[in-house]
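**Student:** Input structure: run_30.tsv, which contains TSV, C-alpha atoms and all ligand atoms.
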```
chain	number	residue	atom	x	y	z
A	1	MET	CA	-5.91	-95.91	-85.50
A	2	PHE	CA	-3.46	-92.98	-85.17
A	3	ASP	CA	-0.26	-92.73	-87.15
A	4	LEU	CA	2.74	-92.39	-84.85
A	5	SER	CA	5.35	-93.60	-87.33
A	6	SER	CA	8.64	-91.67	-87.17
A	7	LYS	CA	7.79	-90.53	-83.63
A	8	VAL	CA	9.86	-91.30	-80.55
A	9	ALA	CA	8.06	-91.98	-77.28
A	10	PHE	CA	9.49	-92.39	-73.77
A	11	VAL	CA	7.32	-94.30	-71.28
A	12	THR	CA	8.18	-94.79	-67.61
A	13	GLY	CA	7.18	-98.05	-65.95
A	14	GLY	CA	6.54	-99.95	-69.17
A	15	SER	CA	7.35	-103.44	-67.94
A	16	ARG	CA	3.92	-104.28	-66.52
A	17	GLY	CA	0.29	-103.27	-66.30
A	18	ILE	CA	-0.90	-100.01	-67.79
A	19	GLY	CA	2.60	-98.92	-68.84
A	20	ARG	CA	3.14	-102.14	-70.74
A	21	ALA	CA	-0.15	-101.70	-72.59
A	22	ILE	CA	0.84	-98.11	-73.43
A	23	VAL	CA	4.21	-99.27	-74.81
A	24	GLU	CA	2.49	-101.92	-76.95
A	25	ALA	CA	-0.21	-99.57	-78.22
A	26	LEU	CA	2.22	-96.77	-79.13
A	27	ALA	CA	4.51	-99.26	-80.91
A	28	GLU	CA	1.56	-100.72	-82.83
A	29	GLN	CA	0.89	-97.26	-84.22
A	30	GLY	CA	4.49	-97.05	-85.43
A	31	ALA	CA	6.27	-95.15	-82.65
A	32	HIS	CA	9.81	-96.05	-81.63
A	33	VAL	CA	9.23	-96.62	-77.92
A	34	VAL	CA	11.85	-96.39	-75.21
A	35	PHE	CA	10.51	-97.51	-71.86
A	36	THR	CA	11.81	-97.95	-68.35
A	37	TYR	CA	11.41	-100.59	-65.69
A	38	ALA	CA	12.53	-100.49	-62.06
A	39	THR	CA	13.45	-104.11	-61.25
A	40	GLN	CA	11.57	-106.56	-63.49
A	41	VAL	CA	14.16	-107.27	-66.22
A	42	ALA	CA	12.49	-110.45	-67.52
A	43	GLU	CA	9.12	-108.70	-67.84
A	44	ALA	CA	10.76	-105.79	-69.68
A	45	GLU	CA	12.54	-108.15	-72.08
A	46	ALA	CA	9.25	-109.95	-72.74
A	47	VAL	CA	7.61	-106.64	-73.66
A	48	CYS	CA	10.42	-105.85	-76.13
A	49	ALA	CA	10.21	-109.33	-77.66
A	50	GLY	CA	6.42	-109.12	-78.05
A	51	VAL	CA	6.60	-105.71	-79.71
A	52	ARG	CA	9.35	-106.93	-82.04
A	53	GLU	CA	7.29	-110.00	-83.04
A	54	ARG	CA	4.51	-107.68	-84.13
A	55	GLY	CA	6.92	-105.63	-86.22
A	56	GLY	CA	7.34	-102.74	-83.79
A	57	VAL	CA	10.30	-101.17	-82.02
A	58	ALA	CA	10.65	-101.00	-78.25
A	59	GLU	CA	13.75	-100.68	-76.09
A	60	ALA	CA	13.91	-101.16	-72.33
A	61	MET	CA	16.16	-99.43	-69.83
A	62	GLN	CA	16.45	-99.77	-66.08
A	63	LEU	CA	15.54	-96.64	-64.15
A	64	ASP	CA	14.39	-95.89	-60.66
A	65	VAL	CA	12.51	-92.64	-61.15
A	66	ARG	CA	13.22	-91.69	-57.52
A	67	ASP	CA	16.67	-90.77	-58.86
A	68	VAL	CA	15.65	-87.55	-60.56
A	69	ALA	CA	19.11	-86.75	-61.96
A	70	MET	CA	19.30	-90.19	-63.56
A	71	SER	CA	15.73	-89.91	-64.86
A	72	GLU	CA	16.53	-86.60	-66.52
A	73	ALA	CA	19.75	-88.06	-67.96
A	74	ARG	CA	17.91	-91.07	-69.42
A	75	VAL	CA	15.32	-88.88	-71.14
A	76	THR	CA	17.95	-86.44	-72.42
A	77	GLU	CA	20.22	-89.23	-73.74
A	78	THR	CA	17.27	-90.87	-75.52
A	79	ALA	CA	16.29	-87.63	-77.26
A	80	LYS	CA	19.91	-87.03	-78.33
A	81	ARG	CA	20.53	-90.58	-79.53
A	82	LEU	CA	17.30	-90.83	-81.53
A	83	GLY	CA	17.39	-87.22	-82.68
A	84	ARG	CA	13.97	-86.30	-81.30
A	85	LEU	CA	11.45	-86.83	-78.54
A	86	ASP	CA	7.81	-86.51	-79.46
A	87	VAL	CA	5.97	-88.10	-76.55
A	88	LEU	CA	6.57	-88.60	-72.84
A	89	VAL	CA	4.20	-90.79	-70.87
A	90	ALA	CA	4.95	-90.49	-67.13
A	91	ASN	CA	3.27	-93.67	-65.95
A	92	ALA	CA	5.50	-95.25	-63.30
A	93	GLY	CA	3.70	-95.16	-60.00
A	94	ILE	CA	3.28	-96.89	-56.68
A	95	ALA	CA	0.57	-97.03	-54.02
A	96	ARG	CA	1.39	-97.21	-50.32
A	97	ASP	CA	-1.97	-97.64	-48.67
A	98	GLY	CA	-3.11	-97.49	-45.06
A	99	LEU	CA	-4.94	-95.35	-42.57
A	100	TRP	CA	-3.32	-91.92	-42.45
A	101	VAL	CA	-2.91	-91.85	-38.67
A	102	GLN	CA	-0.81	-95.00	-38.91
A	103	MET	CA	1.17	-94.11	-42.01
A	104	LYS	CA	4.90	-93.59	-41.68
A	105	ASP	CA	6.54	-90.52	-43.20
A	106	GLU	CA	8.76	-92.85	-45.24
A	107	ALA	CA	5.72	-94.24	-47.06
A	108	LEU	CA	4.51	-90.74	-47.91
A	109	ASP	CA	7.99	-89.68	-49.03
A	110	GLU	CA	8.39	-92.74	-51.25
A	111	THR	CA	4.97	-92.24	-52.84
A	112	LEU	CA	5.73	-88.60	-53.61
A	113	ALA	CA	9.25	-89.43	-54.82
A	114	VAL	CA	8.03	-91.95	-57.40
A	115	ASN	CA	4.67	-90.51	-58.41
A	116	VAL	CA	5.38	-86.77	-58.29
A	117	ARG	CA	9.10	-86.03	-58.35
A	118	GLY	CA	9.81	-88.93	-60.71
A	119	SER	CA	7.14	-87.84	-63.18
A	120	LEU	CA	8.03	-84.15	-63.01
A	121	GLY	CA	11.75	-84.84	-63.41
A	122	CYS	CA	11.12	-86.75	-66.62
A	123	ALA	CA	8.82	-83.96	-67.81
A	124	ARG	CA	11.50	-81.33	-67.22
A	125	ALA	CA	14.01	-83.27	-69.31
A	126	ALA	CA	11.45	-84.00	-72.05
A	127	LEU	CA	10.42	-80.36	-72.31
A	128	ARG	CA	13.87	-79.23	-73.48
A	129	PRO	CA	13.94	-81.10	-76.84
A	130	MET	CA	10.19	-80.57	-77.25
A	131	MET	CA	10.54	-76.80	-76.82
A	132	LYS	CA	13.34	-76.76	-79.38
A	133	ALA	CA	11.21	-78.75	-81.83
A	134	ARG	CA	8.20	-76.55	-81.02
A	135	LYS	CA	6.12	-79.67	-80.69
A	136	GLY	CA	5.56	-82.31	-78.04
A	137	ARG	CA	3.14	-84.36	-76.02
A	138	ILE	CA	3.39	-84.99	-72.30
A	139	ILE	CA	0.90	-87.32	-70.67
A	140	PHE	CA	0.74	-87.99	-66.94
A	141	VAL	CA	-0.94	-91.12	-65.66
A	142	SER	CA	-2.81	-89.87	-62.61
A	143	SER	CA	-5.83	-91.62	-61.05
A	144	VAL	CA	-9.50	-91.21	-60.30
A	145	VAL	CA	-8.34	-91.32	-56.67
A	146	GLY	CA	-6.51	-88.02	-57.24
A	147	GLU	CA	-9.84	-86.47	-58.22
A	148	MET	CA	-12.26	-87.99	-55.70
A	149	GLY	CA	-10.05	-89.24	-52.86
A	150	ASN	CA	-10.27	-92.67	-51.28
A	151	ALA	CA	-10.18	-93.71	-47.64
A	152	GLY	CA	-6.92	-95.51	-46.96
A	153	GLN	CA	-5.15	-93.86	-49.88
A	154	THR	CA	-4.32	-90.36	-48.61
A	155	ALA	CA	-0.67	-90.42	-49.70
A	156	TYR	CA	-1.50	-91.90	-53.09
A	157	ALA	CA	-4.41	-89.48	-53.63
A	158	ALA	CA	-2.21	-86.52	-52.72
A	159	SER	CA	0.44	-87.63	-55.20
A	160	LYS	CA	-2.05	-88.16	-58.03
A	161	ALA	CA	-3.82	-84.84	-57.33
A	162	ALA	CA	-0.42	-83.15	-57.48
A	163	LEU	CA	0.01	-84.46	-61.02
A	164	LEU	CA	-3.27	-82.80	-62.03
A	165	GLY	CA	-2.06	-79.42	-60.76
A	166	ALA	CA	1.21	-79.96	-62.59
A	167	THR	CA	-0.61	-80.93	-65.80
A	168	LYS	CA	-2.63	-77.72	-65.81
A	169	SER	CA	0.36	-75.53	-64.94
A	170	LEU	CA	2.69	-77.08	-67.51
A	171	ALA	CA	-0.05	-76.91	-70.15
A	172	ARG	CA	-0.23	-73.14	-69.62
A	173	GLU	CA	3.54	-72.72	-69.35
A	174	TYR	CA	4.44	-74.55	-72.60
A	175	ALA	CA	1.43	-73.94	-74.83
A	176	LYS	CA	3.33	-71.20	-76.67
A	177	ARG	CA	5.91	-73.82	-77.62
A	178	ASN	CA	3.17	-76.08	-78.96
A	179	VAL	CA	3.81	-78.71	-76.29
A	180	THR	CA	0.57	-80.16	-74.98
A	181	VAL	CA	0.34	-81.54	-71.45
A	182	ASN	CA	-2.55	-83.74	-70.38
A	183	ALA	CA	-3.45	-86.32	-67.78
A	184	VAL	CA	-5.46	-89.50	-67.82
A	185	THR	CA	-7.23	-90.57	-64.64
A	186	PRO	CA	-7.89	-94.32	-64.78
A	187	GLY	CA	-10.44	-95.90	-62.49
A	188	PHE	CA	-10.13	-99.50	-61.35
A	189	VAL	CA	-7.77	-101.34	-63.71
A	190	ASP	CA	-6.85	-105.00	-63.64
A	191	THR	CA	-3.08	-104.93	-62.96
A	192	ASP	CA	-0.63	-106.21	-60.33
A	193	MET	CA	-1.30	-103.03	-58.32
A	194	THR	CA	-4.99	-103.82	-57.86
A	195	ARG	CA	-4.63	-107.61	-57.73
A	196	GLU	CA	-2.87	-107.12	-54.37
A	197	LEU	CA	-5.94	-105.45	-52.81
A	198	PRO	CA	-8.04	-107.43	-50.31
A	199	GLN	CA	-11.21	-108.90	-51.85
A	200	PRO	CA	-13.66	-106.76	-49.76
A	201	VAL	CA	-11.88	-103.61	-50.96
A	202	LYS	CA	-12.10	-104.84	-54.55
A	203	ASP	CA	-15.80	-105.63	-54.17
A	204	ALA	CA	-16.51	-102.18	-52.76
A	205	MET	CA	-14.61	-100.52	-55.61
A	206	LEU	CA	-16.39	-102.58	-58.26
A	207	GLY	CA	-19.73	-101.67	-56.70
A	208	ALA	CA	-18.94	-98.02	-57.44
A	209	VAL	CA	-18.28	-98.62	-61.15
A	210	PRO	CA	-21.42	-98.17	-63.28
A	211	LEU	CA	-19.91	-100.32	-66.05
A	212	GLY	CA	-19.65	-103.04	-63.39
A	213	ARG	CA	-16.17	-104.29	-64.20
A	214	THR	CA	-12.52	-103.36	-64.05
A	215	ALA	CA	-10.79	-101.80	-67.05
A	216	THR	CA	-8.19	-103.68	-69.00
A	217	ALA	CA	-4.83	-101.95	-69.25
A	218	ARG	CA	-5.47	-101.69	-72.97
A	219	GLU	CA	-8.58	-99.58	-72.29
A	220	ILE	CA	-6.33	-97.01	-70.60
A	221	ALA	CA	-3.64	-97.22	-73.28
A	222	THR	CA	-5.96	-96.32	-76.15
A	223	PRO	CA	-6.89	-92.84	-74.82
A	224	VAL	CA	-3.19	-92.27	-74.13
A	225	VAL	CA	-2.42	-93.02	-77.78
A	226	PHE	CA	-5.04	-90.45	-78.77
A	227	LEU	CA	-3.45	-87.80	-76.53
A	228	ALA	CA	-0.05	-88.66	-78.04
A	229	SER	CA	-1.29	-88.30	-81.60
A	230	ASP	CA	-1.31	-85.33	-83.98
A	231	GLU	CA	-5.11	-85.53	-83.87
A	232	ALA	CA	-5.06	-84.32	-80.24
A	233	SER	CA	-3.36	-81.05	-81.21
A	234	TYR	CA	-5.98	-78.80	-79.53
A	235	VAL	CA	-6.22	-80.80	-76.32
A	236	THR	CA	-4.07	-79.40	-73.52
A	237	GLY	CA	-4.46	-79.07	-69.76
A	238	ALA	CA	-7.16	-81.74	-69.96
A	239	VAL	CA	-7.91	-84.48	-67.50
A	240	LEU	CA	-9.24	-87.42	-69.45
A	241	ARG	CA	-11.34	-89.64	-67.19
A	242	VAL	CA	-11.21	-93.33	-68.04
A	243	ASN	CA	-13.10	-94.74	-65.10
A	244	GLY	CA	-16.15	-96.71	-66.28
A	245	GLY	CA	-18.45	-94.00	-64.97
A	246	MET	CA	-17.10	-94.10	-61.40
A	247	LEU	CA	-16.70	-90.31	-61.39
A	248	THR	CA	-18.39	-88.10	-63.95
B	301	LIG	P1	2.00	-101.86	-61.81
B	301	LIG	O1	1.37	-102.99	-62.53
B	301	LIG	O2	2.34	-102.00	-60.36
B	301	LIG	O3	3.31	-101.40	-62.63
B	301	LIG	C1	4.08	-100.35	-62.13
B	301	LIG	C2	5.14	-99.99	-63.13
B	301	LIG	O4	5.92	-98.90	-62.58
B	301	LIG	C3	6.12	-101.11	-63.39
B	301	LIG	O5	6.58	-101.01	-64.72
B	301	LIG	C4	7.25	-100.83	-62.41
B	301	LIG	O6	8.51	-101.38	-62.83
B	301	LIG	C5	7.28	-99.32	-62.46
B	301	LIG	N1	7.85	-98.73	-61.26
B	301	LIG	C6	7.48	-98.92	-59.98
B	301	LIG	N2	8.27	-98.23	-59.16
B	301	LIG	C7	9.16	-97.58	-59.93
B	301	LIG	C8	10.25	-96.72	-59.68
B	301	LIG	N3	10.62	-96.38	-58.44
B	301	LIG	N4	10.96	-96.24	-60.73
B	301	LIG	C9	10.62	-96.58	-61.98
B	301	LIG	N5	9.61	-97.40	-62.30
B	301	LIG	C10	8.89	-97.89	-61.28
B	301	LIG	O7	1.09	-100.54	-61.87
B	301	LIG	P2	-0.16	-100.18	-62.81
B	301	LIG	O8	-1.39	-100.61	-62.12
B	301	LIG	O9	0.11	-100.58	-64.21
B	301	LIG	O10	-0.11	-98.58	-62.67
B	301	LIG	C11	0.54	-97.77	-63.64
B	301	LIG	C12	0.17	-96.33	-63.34
B	301	LIG	O11	-1.25	-96.19	-63.40
B	301	LIG	C13	0.56	-95.88	-61.94
B	301	LIG	O12	0.99	-94.54	-61.97
B	301	LIG	C14	-0.72	-96.01	-61.15
B	301	LIG	O13	-0.74	-95.14	-60.05
B	301	LIG	C15	-1.74	-95.63	-62.21
B	301	LIG	N6	-3.10	-96.11	-61.95
B	301	LIG	C16	-3.35	-97.44	-61.78
B	301	LIG	C17	-4.66	-97.85	-61.54
B	301	LIG	C18	-5.04	-99.29	-61.36
B	301	LIG	O14	-6.21	-99.58	-61.04
B	301	LIG	N7	-4.13	-100.24	-61.58
B	301	LIG	C19	-5.68	-96.90	-61.45
B	301	LIG	C20	-5.39	-95.56	-61.61
B	301	LIG	C21	-4.08	-95.17	-61.87
B	301	LIG	P3	8.91	-102.92	-62.45
B	301	LIG	O15	8.04	-103.80	-63.32
B	301	LIG	O16	10.34	-103.04	-62.81
B	301	LIG	O17	8.60	-103.08	-61.00
```
Please express the file's structure as structure tokens.
**Tutor:**
Amino acid sequence: MFDLSSKVAFVTGGSRGIGRAIVEALAEQGAHVVFTYATQVAEAEAVCAGVRERGGVAEAMQLDVRDVAMSEARVTETAKRLGRLDVLVANAGIARDGLWVQMKDEALDETLAVNVRGSLGCARAALRPMMKARKGRIIFVSSVVGEMGNAGQTAYAASKAALLGATKSLAREYAKRNVTVNAVTPGFVDTDMTRELPQPVKDAMLGAVPLGRTATAREIATPVVFLASDEASYVTGAVLRVNGGMLT
């Protein structure tokens, strides 16, 4: 599809779901992929083994992106060790749902720490080698919920909308260095995150999807590979909707 051989990609939250599919898709196109997981060691090892079996290269490292200093260190070390960093996909994310009047500050803080501060910390560290190389691709995994809102997801929506503001600002700030910054906004994707939702919530969400089904993680990964590729060289500050028609 797109040739990513000789490129190094760093993906946060690659052990499961959308992140895992992104790791696999980037590796299939020839990228050397370094990805992080928070707690699921066995899942992360399985991803590495699967990629290896198909002739690709993927390495896993433990990282809680709430630790911004450690996140920056992991990205910086990876770029130094492998001599380059071409692509960052800031994917790790959590959802803490509930009615806003009942939501505890801790839940909001945790959501922002993982989804916003974690993603932006990795981006700051990735920008340094990318600026030096005068080339780079940063892709934030936001959400359709960050664009349209969703009752019961105020904290999550706020965090995902923040990533869209950051995408557009960073795209303007680093365009002169030839670093592109884009976001994808997935709709309803079949992963652990959505499997936990109560059935009536799932039914209501599906009813709002013109394509009438959830996305596979792979269907989100493919547009990410495009944004990571040389072919996407004139795409920056974009929000790529991958939502089955839920929001147009
Ligand atoms: P998921 O299946 O729950 O996987 C989450 C991933 O993030 C895992 O790899 C997890 O690592 C990692 N992670 C969680 N907390 C972390 C932390 N504190 N530090 C570092 N890594 C952490 O989620 P998903 O559905 O694939 O979602 C991936 C991204 O897509 C998220 O940003 C989510 O908001 C976004 N998204 C999802 C949907 C959807 O319908 N699923 C829709 C729109 C956007 P462990 O495996 O070690 O726990």
**Student:** How would you report the residues lying within 6 Å of ligand LIG 301 (chain B), as a PyMOL selection string, if you count only C-alpha atoms and all ligand atoms?
**Tutor:** chain A and resi 13-19+37-40+63-66+91-94+114+141-143+186-194
**Student:** Quote the spacing between atom CA of Gly237 of chain A and atom CA of Leu170 of chain A in Å to one decimal place.
**Tutor:** 7.8 Å
**Student:** Compare A:Val235, A:Val57, A:Val87, A:Met246 by their minimum atom-to-atom distance to Thr214 of chain A, counting all atoms listed in the file, and give me the closest one.
**Tutor:**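 Result for the nearest residue to Thr214 of chain A: A:Met246.
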**Student:** Which residues, protein or nucleic acid, reach to within 8 Å of (-3.3, -96.6, -45.0) in the file's coordinates when using all atoms listed in the file, and can you give that as a ChimeraX atom specification?
**Tutor:** /A:96-103,151-154
**Student:** Can those selected residues be exported to a file as a short mmCIF file (atom, residue, chain, number, x, y, z; two decimals), in the coordinates of the input so that it contains C-alpha atoms?
**Tutor:**
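That gives us again-v4.cif:
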```cif
data_model
loop_
_atom_site.label_atom_id
_atom_site.label_comp_id
_atom_site.auth_asym_id
_atom_site.auth_seq_id
_atom_site.Cartn_x
_atom_site.Cartn_y
_atom_site.Cartn_z
CA ARG A 96 1.39 -97.21 -50.32
CA ASP A 97 -1.97 -97.64 -48.67
CA GLY A 98 -3.11 -97.49 -45.06
CA LEU A 99 -4.94 -95.35 -42.57
CA TRP A 100 -3.32 -91.92 -42.45
CA VAL A 101 -2.91 -91.85 -38.67
CA GLN A 102 -0.81 -95.00 -38.91
CA MET A 103 1.17 -94.11 -42.01
CA ALA A 151 -10.18 -93.71 -47.64
CA GLY A 152 -6.92 -95.51 -46.96
CA GLN A 153 -5.15 -93.86 -49.88
CA THR A 154 -4.32 -90.36 -48.61
#
```
**Student:** Would you pick out the contacts of Val179 of chain A at 6 Å or less, using all atoms listed in the file, so that residues sharing its chain but fewer than 2 positions from it are not included, and give the list as a PyMOL selection string?
**Tutor:** chain A and resi 135-137+174-175+177
**Student:** Please provide as a ChimeraX atom specification all residues within 9 Å of Val144 of chain A, with the sequence filter that same-chain residues fewer than 3 positions apart are discarded (counting only C-alpha atoms).
**Tutor:** /A:147-149,157,160,184-188,241-243,246-247
**Student:** For Met61 of chain A, work out the shell of residues within 9 Å, counting only C-alpha atoms and skipping chain neighbours fewer than 5 positions away, then give it as a list of chain:residue names.
**Tutor:**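 Near neighbours after the sequence-gap exclusion: A:Val34, A:Phe35, A:Thr36, A:Tyr37, A:Ala38, A:Val41, A:Ala44, A:Arg74.
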**Student:** Just to confirm, what's the straight-line distance from atom CA of Glu28 of chain A to atom CA of Arg134 of chain A in Å (one decimal)?
**Tutor:**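 Value for the atom CA of Glu28 of chain A-atom CA of Arg134 of chain A distance: 25.1 Å.
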**Student:** Record the distance separating atom CA of Gly50 of chain A and atom CA of Ala21 of chain A, expressed in Å with one decimal.
**Tutor:**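 Computing the Euclidean distance for atom CA of Gly50 of chain A and atom CA of Ala21 of chain A yields 11.3 Å.
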**Student:** Find the spatial neighbours of Leu108 of chain A, counting only C-alpha atoms, within a cut-off of 7 Å - ignore same-chain residues fewer than 4 positions away - and output them as a ChimeraX atom specification.
**Tutor:** /A:104,112,155
**Student:** I need the chosen residues saved as a short mmCIF file (atom, residue, chain, number, x, y, z; two decimals), in the frame of the given file, with C-alpha atoms.
**Tutor:**
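Final output, result38.cif:
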```
data_model
loop_
_atom_site.label_atom_id
_atom_site.label_comp_id
_atom_site.auth_asym_id
_atom_site.auth_seq_id
_atom_site.Cartn_x
_atom_site.Cartn_y
_atom_site.Cartn_z
CA LYS A 104 4.90 -93.59 -41.68
CA LEU A 112 5.73 -88.60 -53.61
CA ALA A 155 -0.67 -90.42 -49.70
#
```
**Student:** Given the choices A:Ala133, A:Ala123, A:Met205, A:Ala25, which gets closest to Val145 of chain A if the distance is worked out from only C-alpha atoms?
**Tutor:**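 Using only C-alpha atoms, the shortest distance to Val145 of chain A belongs to A:Met205.
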**Student:** Leaving out Arg84 of chain A and any residue of its chain fewer than 4 positions from it, which residues lie within 12 Å of it when counting all atoms listed in the file, given as a list in words?
**Tutor:** Ser6, Lys7, Val8, Ala9, Phe10, Ala31, His32, Val33, Val34, Val75, Thr76, Glu77, Thr78, Ala79, Lys80, Leu88, Ala126, Leu127, Arg128, Pro129, Met130, Met131, Lys132, Ala133, Arg134, Lys135 and Gly136 of chain A
**Student:** Given the choices A:Glu43, A:Gly244, A:Leu164, A:Leu197, which gets closest to Glu219 of chain A if the distance is worked out from all atoms listed in the file?
**Tutor:**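 Closest to Glu219 of chain A, using all atoms listed in the file: A:Gly244.
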**Student:** For a quick check of understanding, using all atoms listed in the file, which of A:Cys122, A:Val89, A:Met70, A:Ile138 has the smallest distance to Ser233 of chain A?
**Tutor:**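 Closest residue, counting all atoms listed in the file: A:Ile138.
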